[in-house]
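Novice: Mind looking over this structure? Questions follow.
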Amino acid sequence: MLKLPSISYLRHSATAAFRRFPLVLLSALVCAAVFMWIVHRESSEGGYEIVRLMFTSALGIPLFLVIALAIEQTACAAAVRIACMAAGLVLLGLYHGATIGTLTQNHYVRYFQLALAAHLAAAFVAFIREARPDRFWQFNKSLFTRFLLSTLYAYVLFFGAALALSAVDRLFDVKIKGEVYYDLWIFCVFVFQTWHFLAGVPEIHSPQLSASDNYPNGLKIFAQYLLIPLITVYGVILYVYLGKVCVTGKWPEGLVGWMVSAMAVGGIFNLLLIQPVKEQDGNRWMRVYEKVFYASMVPLIGMLFASLYIRVRQYGFTERRYLLAVLGLWLLGVAIYFLARKAADIRRIPQSLCALALITSFGPWGAYSVSLHSQMARLERLLVKNGLIKEGRVAKIEGVITFADRKEISATLDYIIRNHGLDPLEAWFEPEWIAGQRKEFIDHPTFFGVTRHSAAAFTKLMGFDYAGGRSGGPSAQHFYYHADRINREMVVDGFETLAVIRYGHDTTSLTLMGDTCLALLDRERGIISIVRLPDAPLAAIDAGAVARSIWERPGMEKFGHAADFSDLTYDTETPTIRARFVFERLNGEVESDRLRVTNYSGYLLYRRK
C-alpha cells in the first residue's frame, strides 16, 4: 500500500533543506522577487540594473550549493563555514561588479559559462578526495532523478493553479491580470522547484550512495532503449554526411560542428547513465559499445575542426566559434582518455569541463578577448583597405566601396556592438559622437533594434549605406521602421477585436473572435493576407505601401526611424469586415525601386459588418 508523506514530514523536510542550504534558497527567493519586479514594471528605465541583479542572484543558486556540499564533505568548524559563505558572497559581488556597463549578448554567454561551471562543480565537489566512482555515480543519479521529479511537480503545480485561477476568472468574472500567471510560474520554478530539489539532495555520507543495486529500471530503459538507438542513428547520419564530403570534396560549413558536438555530448551523457550496469553479466555489449562510440567520435571531431577552420578563415573568431573549438578539443581529449584507460575515472568528465568553462570565461586567453581581438583586426583590415582610416580616425569614403566589403564591414560592426558594446570603437571616432551613440544604444530595449541602428549610424558616418543582414544584392538598401516609444496613441473606435502579432514571419497563426486564422506574408508584394481556416480570406494588408510611404519622404532616416502610429497604420475593408493594422515594427529592403518586406509585428483591429 502506498504510504503518503505526512504534513509534519513535509514541514520537517522543508525546514531541513533551509537549514542545510540557506543561501541557496535565499538566492532563489531574491531571483524570483526581482523577476516578478521586472514583470510588473511599467517603465524600462533602469531595466539593465534590475536584470543584472536577477542574473547575479540566479548564479548564487548553484554557487552556494557547491559551497554547502564542499563544507559537508570536509566537516569543518563553524568559523570556516561562515568564511566560505562570505567568500561566496564576495564572488557574487565581483561578478555583479564585472557586469557594470552596457548590456550586450556576452553578458548572457558569460553567465551561462559560470553557471555551467558551478553546476558541474556541484556534481564532483563532494568527491574530490574520495576515490569511489560508484558513490559519485549514485550521488549524481540522485541529483538527476530529483531534478526531473522537482521539474514535474513544479509544472503540475503551475498548470493546476493556473487552471484554477482561470476558472475563477471565467466563472465569477474576477479580472485576474496576466502578470499573476507570470508570478505563479516564477514562484513554481524558482522557489518551489528549488526547495523541493534541495530537500532531496542526499547527504554525502548517506548509506544509499553505497548501494550497488540501486539502479532504477526506468533509467535503464531510458538510456538503453531510447538514447542509445537515437544517438547511434544520429551518428550514422553524420558518417553518411562525412562520406559525402569525402566524395564531393566540398568541405563542411555552418552548423555541422554543433551537430557533431551535440551527438558527442549526448553520447557521453548516455554512457555515464549506463556506467554501473555495463560490468554486469549479460551487458558485455555495453563495454564494446563504449569503445566503439569513443573511437567513432575521432573522425567526426576531425570534420568539426574542418568546418570550424573554414568559418574562422573566412570571418575570424567569435565567442561561439572559440567555444566550439574548445569543446572539440575537450571531446577529443575525453575520447582518447577513455580509449587509452581500461579503468577510466568518470569524475574526470565534469572536472575537466568545469575547469574549461572557468578558464575560458576571462583573461586575454578567454573567449571574449580572443574573439574581440580577431574581429577588431578584421574590421581594421577592411577599413584600411578601403581608405576609411586616416591618422587613426575613421574618415568618409572617397572612392567606390564594393558591396562585399560594405556587407563585411556592416556585419563586423554588428558583431562588435552586439557582443562588446561601443567601447572597442571609441579610439576611431570622436568622443562626442560616440557619447551620442552610447545614449542611443542604451535607450533601445532590444538587441535587434540596438545593433542594426547603431551599425547603420557608423556606416552612414563613413559615407555608405548599411549592408548587413540578408542583403538582396549589391544595390540593396534596408529599411527598419518602428513605432515611436513616446507617441503611441492608437485610435480603436469602431472596432470589436484587437489581435497582437509579434514578430510575424511568412506564416503566423492568430485567433480572431474565436476563429483560427493565419497571417500570410508575401515578401515580394509586401502583402499580409489574413485567412480564416480552412481557406476563407478575410483581409489584405499592404505592408509595402506603408513602408514605401515612409521611404519616399525627403530626408527620411532609412534605418531605425521611429514613426508615429499614424504613419504605420493601414485601413482596409471588404463586404464582410473592416480592419486596421497598426505596425509596431516593419523592416525589409529596397533594390532597383523594388521593395520587399521581410518582417513585421503589430496590432490588428477587426470588426464584422
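Going through the C-alpha cells in order, the chains are called A, B, and so on, while each chain numbers its residues from 1 and the ligands are numbered from 1 in the order shown.
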Give me every alpha helix (DSSP H) residue in region 103-262 of chain A, going by DSSP on the backbone, as a PDB file with C-alpha atoms, in the first residue's frame.
Specialist:
ATOM      1  CA  GLN A 105      24.932  39.431 -25.519  1.00  0.00           C
ATOM      2  CA  ASN A 106      28.269  38.464 -23.996  1.00  0.00           C
ATOM      3  CA  HIS A 107      26.853  39.115 -20.533  1.00  0.00           C
ATOM      4  CA  TYR A 108      24.472  36.212 -21.090  1.00  0.00           C
ATOM      5  CA  VAL A 109      27.132  33.965 -22.609  1.00  0.00           C
ATOM      6  CA  ARG A 110      29.487  34.551 -19.669  1.00  0.00           C
ATOM      7  CA  TYR A 111      26.654  33.912 -17.220  1.00  0.00           C
ATOM      8  CA  PHE A 112      25.965  30.600 -18.955  1.00  0.00           C
ATOM      9  CA  GLN A 113      29.634  29.645 -18.698  1.00  0.00           C
ATOM     10  CA  LEU A 114      29.855  30.433 -14.990  1.00  0.00           C
ATOM     11  CA  ALA A 115      26.516  28.766 -14.212  1.00  0.00           C
ATOM     12  CA  LEU A 116      27.630  25.666 -16.150  1.00  0.00           C
ATOM     13  CA  ALA A 117      30.899  25.585 -14.198  1.00  0.00           C
ATOM     14  CA  ALA A 118      29.021  25.864 -10.888  1.00  0.00           C
ATOM     15  CA  HIS A 119      26.554  23.094 -11.794  1.00  0.00           C
ATOM     16  CA  LEU A 120      29.403  20.819 -12.874  1.00  0.00           C
ATOM     17  CA  ALA A 121      31.292  21.578  -9.657  1.00  0.00           C
ATOM     18  CA  ALA A 122      28.210  20.548  -7.651  1.00  0.00           C
ATOM     19  CA  ALA A 123      28.489  17.132  -9.305  1.00  0.00           C
ATOM     20  CA  PHE A 124      32.007  16.366  -8.056  1.00  0.00           C
ATOM     21  CA  PRO A 133      33.322   6.401  -8.670  1.00  0.00           C
ATOM     22  CA  ASP A 134      30.354   4.225  -7.645  1.00  0.00           C
ATOM     23  CA  ARG A 135      29.339   6.632  -4.845  1.00  0.00           C
ATOM     24  CA  PHE A 136      29.961   9.562  -7.192  1.00  0.00           C
ATOM     25  CA  TRP A 137      27.614   7.989  -9.748  1.00  0.00           C
ATOM     26  CA  GLN A 138      24.901   7.249  -7.164  1.00  0.00           C
ATOM     27  CA  PHE A 139      25.068  10.833  -5.885  1.00  0.00           C
ATOM     28  CA  ASN A 140      24.641  12.320  -9.355  1.00  0.00           C
ATOM     29  CA  LYS A 141      21.930   9.811 -10.228  1.00  0.00           C
ATOM     30  CA  SER A 142      20.040  11.064  -7.184  1.00  0.00           C
ATOM     31  CA  LEU A 143      20.529  14.685  -8.275  1.00  0.00           C
ATOM     32  CA  PHE A 144      19.385  13.908 -11.818  1.00  0.00           C
ATOM     33  CA  THR A 145      16.251  11.991 -10.856  1.00  0.00           C
ATOM     34  CA  ARG A 146      15.385  14.507  -8.128  1.00  0.00           C
ATOM     35  CA  PHE A 147      15.695  17.358 -10.634  1.00  0.00           C
ATOM     36  CA  LEU A 148      13.338  15.602 -13.056  1.00  0.00           C
ATOM     37  CA  LEU A 149      10.853  14.941 -10.252  1.00  0.00           C
ATOM     38  CA  SER A 150      11.055  18.538  -8.987  1.00  0.00           C
ATOM     39  CA  THR A 151      10.509  19.878 -12.502  1.00  0.00           C
ATOM     40  CA  LEU A 152       7.465  17.654 -12.946  1.00  0.00           C
ATOM     41  CA  TYR A 153       5.990  18.713  -9.602  1.00  0.00           C
ATOM     42  CA  ALA A 154       6.656  22.398 -10.290  1.00  0.00           C
ATOM     43  CA  TYR A 155       4.903  22.397 -13.642  1.00  0.00           C
ATOM     44  CA  VAL A 156       1.983  20.298 -12.403  1.00  0.00           C
ATOM     45  CA  LEU A 157       1.586  22.832  -9.594  1.00  0.00           C
ATOM     46  CA  PHE A 158       1.785  25.734 -12.039  1.00  0.00           C
ATOM     47  CA  PHE A 159      -0.692  24.387 -14.573  1.00  0.00           C
ATOM     48  CA  GLY A 160      -3.084  23.246 -11.857  1.00  0.00           C
ATOM     49  CA  ALA A 161      -3.035  26.600 -10.099  1.00  0.00           C
ATOM     50  CA  ALA A 162      -3.246  28.460 -13.421  1.00  0.00           C
ATOM     51  CA  LEU A 163      -6.337  26.472 -14.407  1.00  0.00           C
ATOM     52  CA  ALA A 164      -7.887  27.247 -11.019  1.00  0.00           C
ATOM     53  CA  LEU A 165      -7.249  30.968 -11.484  1.00  0.00           C
ATOM     54  CA  SER A 166      -8.650  30.821 -14.996  1.00  0.00           C
ATOM     55  CA  ALA A 167     -11.786  29.099 -13.688  1.00  0.00           C
ATOM     56  CA  VAL A 168     -12.264  31.798 -11.054  1.00  0.00           C
ATOM     57  CA  ASP A 169     -11.752  34.456 -13.733  1.00  0.00           C
ATOM     58  CA  ARG A 170     -14.345  32.977 -16.072  1.00  0.00           C
ATOM     59  CA  LEU A 171     -16.936  31.672 -13.597  1.00  0.00           C
ATOM     60  CA  PHE A 172     -17.010  34.586 -11.151  1.00  0.00           C
ATOM     61  CA  GLY A 178      -1.820  38.353 -16.860  1.00  0.00           C
ATOM     62  CA  GLU A 179       1.080  39.241 -14.578  1.00  0.00           C
ATOM     63  CA  VAL A 180      -0.402  36.970 -11.893  1.00  0.00           C
ATOM     64  CA  TYR A 181       0.218  33.935 -14.101  1.00  0.00           C
ATOM     65  CA  TYR A 182       3.810  35.053 -14.637  1.00  0.00           C
ATOM     66  CA  ASP A 183       4.221  35.437 -10.871  1.00  0.00           C
ATOM     67  CA  LEU A 184       2.824  31.950 -10.363  1.00  0.00           C
ATOM     68  CA  TRP A 185       5.259  30.452 -12.888  1.00  0.00           C
ATOM     69  CA  ILE A 186       8.203  32.296 -11.332  1.00  0.00           C
ATOM     70  CA  GLN A 193      11.219  23.631  -7.617  1.00  0.00           C
ATOM     71  CA  THR A 194      14.484  24.739  -5.986  1.00  0.00           C
ATOM     72  CA  TRP A 195      13.210  23.986  -2.478  1.00  0.00           C
ATOM     73  CA  HIS A 196      11.844  20.586  -3.461  1.00  0.00           C
ATOM     74  CA  PHE A 197      15.091  19.703  -5.225  1.00  0.00           C
ATOM     75  CA  LEU A 198      17.240  20.693  -2.250  1.00  0.00           C
ATOM     76  CA  ALA A 199      15.097  18.596   0.105  1.00  0.00           C
ATOM     77  CA  ASN A 217      14.667   0.313 -14.197  1.00  0.00           C
ATOM     78  CA  GLY A 218      13.188   3.443 -15.755  1.00  0.00           C
ATOM     79  CA  LEU A 219      16.640   4.950 -16.106  1.00  0.00           C
ATOM     80  CA  LYS A 220      17.931   1.761 -17.725  1.00  0.00           C
ATOM     81  CA  ILE A 221      15.084   1.720 -20.230  1.00  0.00           C
ATOM     82  CA  ILE A 228      21.470   4.531 -27.458  1.00  0.00           C
ATOM     83  CA  PRO A 229      19.368   3.934 -30.623  1.00  0.00           C
ATOM     84  CA  LEU A 230      18.813   7.672 -31.149  1.00  0.00           C
ATOM     85  CA  ILE A 231      22.485   8.563 -30.761  1.00  0.00           C
ATOM     86  CA  THR A 232      23.503   5.648 -32.993  1.00  0.00           C
ATOM     87  CA  VAL A 233      21.141   6.754 -35.769  1.00  0.00           C
ATOM     88  CA  TYR A 234      22.353  10.346 -35.424  1.00  0.00           C
ATOM     89  CA  GLY A 235      25.977   9.164 -35.641  1.00  0.00           C
ATOM     90  CA  VAL A 236      25.239   7.102 -38.774  1.00  0.00           C
ATOM     91  CA  ILE A 237      23.694  10.193 -40.411  1.00  0.00           C
ATOM     92  CA  LEU A 238      26.805  12.225 -39.631  1.00  0.00           C
ATOM     93  CA  TYR A 239      29.043   9.478 -41.041  1.00  0.00           C
ATOM     94  CA  VAL A 240      26.988   9.385 -44.258  1.00  0.00           C
ATOM     95  CA  TYR A 241      27.443  13.151 -44.484  1.00  0.00           C
ATOM     96  CA  LEU A 242      31.182  12.728 -43.881  1.00  0.00           C
ATOM     97  CA  GLY A 243      31.262  10.228 -46.750  1.00  0.00           C
ATOM     98  CA  LYS A 244      29.510  12.744 -48.966  1.00  0.00           C
ATOM     99  CA  VAL A 245      32.122  15.360 -48.034  1.00  0.00           C
ATOM    100  CA  CYS A 246      34.958  12.992 -48.918  1.00  0.00           C
ATOM    101  CA  VAL A 247      33.372  12.055 -52.273  1.00  0.00           C
ATOM    102  CA  THR A 248      32.377  15.556 -53.396  1.00  0.00           C
ATOM    103  CA  VAL A 256      27.828  20.665 -38.791  1.00  0.00           C
ATOM    104  CA  GLY A 257      30.292  21.402 -35.966  1.00  0.00           C
ATOM    105  CA  TRP A 258      27.481  21.950 -33.485  1.00  0.00           C
ATOM    106  CA  MET A 259      25.705  18.812 -34.739  1.00  0.00           C
ATOM    107  CA  VAL A 260      28.817  16.728 -34.123  1.00  0.00           C
ATOM    108  CA  SER A 261      29.327  18.214 -30.665  1.00  0.00           C
ATOM    109  CA  ALA A 262      25.651  17.654 -29.752  1.00  0.00           C
TER     110      ALA A 262
END
Novice: Would you please give, as a list in words, all residues of region 234-418 of chain A that DSSP assigns to strand (DSSP E or B) based on the backbone?
Specialist: Ile389, Lys390, Arg393 and Val394 of chain A
Novice: Name the closest residue to Asn270 (chain A) among the candidates A:Phe222, A:Tyr315, A:Tyr215, A:Trp551; distances are taken between atoms, counting only C-alpha atoms.
Specialist: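 Once distances to Asn270 (chain A) are computed over only C-alpha atoms, the minimum belongs to A:Phe222.
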Novice: For Ile67 (chain A), please output as a list of chain:residue names all residues within 9 Å (counting only C-alpha atoms; exclusion window: fewer than 2 positions along the same chain).
Specialist: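 Those residues are A:Pro62, A:Leu63, A:Phe64, A:Leu65, A:Leu69, A:Ala70, A:Ile71, A:Glu72, A:Arg81, A:Cys84, A:Met85, A:Gly88, A:Ala122, A:Val125.
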Novice: Interatomic distance between CA of Ile204 (chain A) and CA of Arg348 (chain A)?
Specialist: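 So the answer is 19.1 Å.
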Novice: Restricting the calculation to only C-alpha atoms: of A:Leu586, A:Ala86, A:Ala17, A:Ala519, which residue gets closest to Glu203 (chain A)?
Specialist: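 Of A:Leu586, A:Ala86, A:Ala17, A:Ala519, the one nearest Glu203 (chain A) is A:Ala17, counting only C-alpha atoms.
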Novice: Provide the CA of Ala355 (chain A) to CA of Leu272 (chain A) distance in Å, to one decimal place.
Specialist: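 One can read the CA of Ala355 (chain A) to CA of Leu272 (chain A) distance as 19.1 Å.
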Novice: Would you mind listing what lies within 12 Å of Leu329 (chain A) as a JSON list (two decimals) with N, CA and C atoms, in the first residue's frame, with only C-alpha atoms counted and same-chain residues fewer than 6 positions away left out?
Specialist:
[["chain", "number", "residue", "atom", "x", "y", "z"],
["A", 261, "SER", "N", 29.13, 18.04, -32.11],
["A", 261, "SER", "CA", 29.33, 18.21, -30.66],
["A", 261, "SER", "C", 28.09, 17.79, -29.89],
["A", 264, "ALA", "N", 28.11, 14.01, -29.75],
["A", 264, "ALA", "CA", 29.17, 13.52, -28.86],
["A", 264, "ALA", "C", 28.82, 13.75, -27.39],
["A", 297, "MET", "N", 34.02, 8.76, -32.52],
["A", 297, "MET", "CA", 34.00, 10.21, -32.33],
["A", 297, "MET", "C", 35.15, 10.91, -33.03],
["A", 298, "VAL", "N", 36.30, 10.24, -33.14],
["A", 298, "VAL", "CA", 37.52, 10.91, -33.62],
["A", 298, "VAL", "C", 37.37, 11.43, -35.04],
["A", 301, "ILE", "N", 35.01, 14.41, -35.03],
["A", 301, "ILE", "CA", 35.64, 15.61, -34.46],
["A", 301, "ILE", "C", 36.57, 16.25, -35.49],
["A", 302, "GLY", "N", 37.22, 15.42, -36.31],
["A", 302, "GLY", "CA", 38.01, 15.97, -37.40],
["A", 302, "GLY", "C", 37.15, 16.79, -38.36],
["A", 304, "LEU", "N", 34.42, 18.29, -37.50],
["A", 304, "LEU", "CA", 34.09, 19.51, -36.73],
["A", 304, "LEU", "C", 35.16, 20.57, -36.91],
["A", 305, "PHE", "N", 36.42, 20.16, -36.77],
["A", 305, "PHE", "CA", 37.51, 21.13, -36.90],
["A", 305, "PHE", "C", 37.65, 21.65, -38.32],
["A", 322, "TYR", "N", 35.00, 30.11, -30.90],
["A", 322, "TYR", "CA", 36.03, 29.82, -29.91],
["A", 322, "TYR", "C", 35.57, 28.70, -28.98],
["A", 323, "LEU", "N", 34.35, 28.83, -28.46],
["A", 323, "LEU", "CA", 33.84, 27.82, -27.54],
["A", 323, "LEU", "C", 33.65, 26.47, -28.23],
["A", 335, "ALA", "N", 37.67, 11.32, -25.56],
["A", 335, "ALA", "CA", 37.71, 10.09, -26.36],
["A", 335, "ALA", "C", 39.04, 9.36, -26.20],
["A", 336, "ILE", "N", 40.14, 10.09, -26.27],
["A", 336, "ILE", "CA", 41.46, 9.47, -26.14],
["A", 336, "ILE", "C", 41.65, 8.90, -24.73],
["A", 352, "SER", "N", 37.02, 18.22, -15.77],
["A", 352, "SER", "CA", 37.73, 18.87, -16.88],
["A", 352, "SER", "C", 36.85, 19.91, -17.56],
["A", 353, "LEU", "N", 35.56, 19.59, -17.74],
["A", 353, "LEU", "CA", 34.67, 20.55, -18.39],
["A", 353, "LEU", "C", 34.44, 21.77, -17.52],
["A", 356, "LEU", "N", 37.49, 24.01, -17.90],
["A", 356, "LEU", "CA", 37.50, 24.71, -19.19],
["A", 356, "LEU", "C", 36.49, 25.87, -19.18]]
Novice: Excluding region 592-596 of chain A and residues on its chain fewer than 2 positions from it, collect all residues at most 8 Å away from it, counting only C-alpha atoms, and give them as a ChimeraX atom specification.
Specialist: /A:475-476,523-526,544,548,588-590,598
Novice: Create the file for the chosen residues now, containing C-alpha atoms and written as a PDB file, in the first residue's frame.
Specialist:
ATOM      1  CA  SER A 475      22.442  47.775 -54.638  1.00  0.00           C
ATOM      2  CA  ALA A 476      20.035  46.689 -51.893  1.00  0.00           C
ATOM      3  CA  ARG A 523       7.527  39.261 -49.198  1.00  0.00           C
ATOM      4  CA  GLU A 524       7.824  40.232 -52.849  1.00  0.00           C
ATOM      5  CA  ARG A 525       4.446  42.005 -53.000  1.00  0.00           C
ATOM      6  CA  GLY A 526       4.582  43.222 -49.401  1.00  0.00           C
ATOM      7  CA  GLY A 544       4.680  47.523 -48.754  1.00  0.00           C
ATOM      8  CA  ARG A 548       7.117  52.965 -49.242  1.00  0.00           C
ATOM      9  CA  GLY A 588      12.791  44.917 -45.383  1.00  0.00           C
ATOM     10  CA  GLU A 589      14.871  46.119 -48.320  1.00  0.00           C
ATOM     11  CA  VAL A 590      14.622  48.179 -51.487  1.00  0.00           C
ATOM     12  CA  THR A 598      10.930  40.678 -44.690  1.00  0.00           C
TER      13      THR A 598
END
Novice: Give me, as number ranges by chain, all polymer residues having an atom no more than 9 Å from region 456-464 of chain A, counting only C-alpha atoms and skipping those fewer than 6 positions away in the same chain.
Specialist: A: 388, 394-398, 401, 406, 409-410, 413-414, 437, 559-560
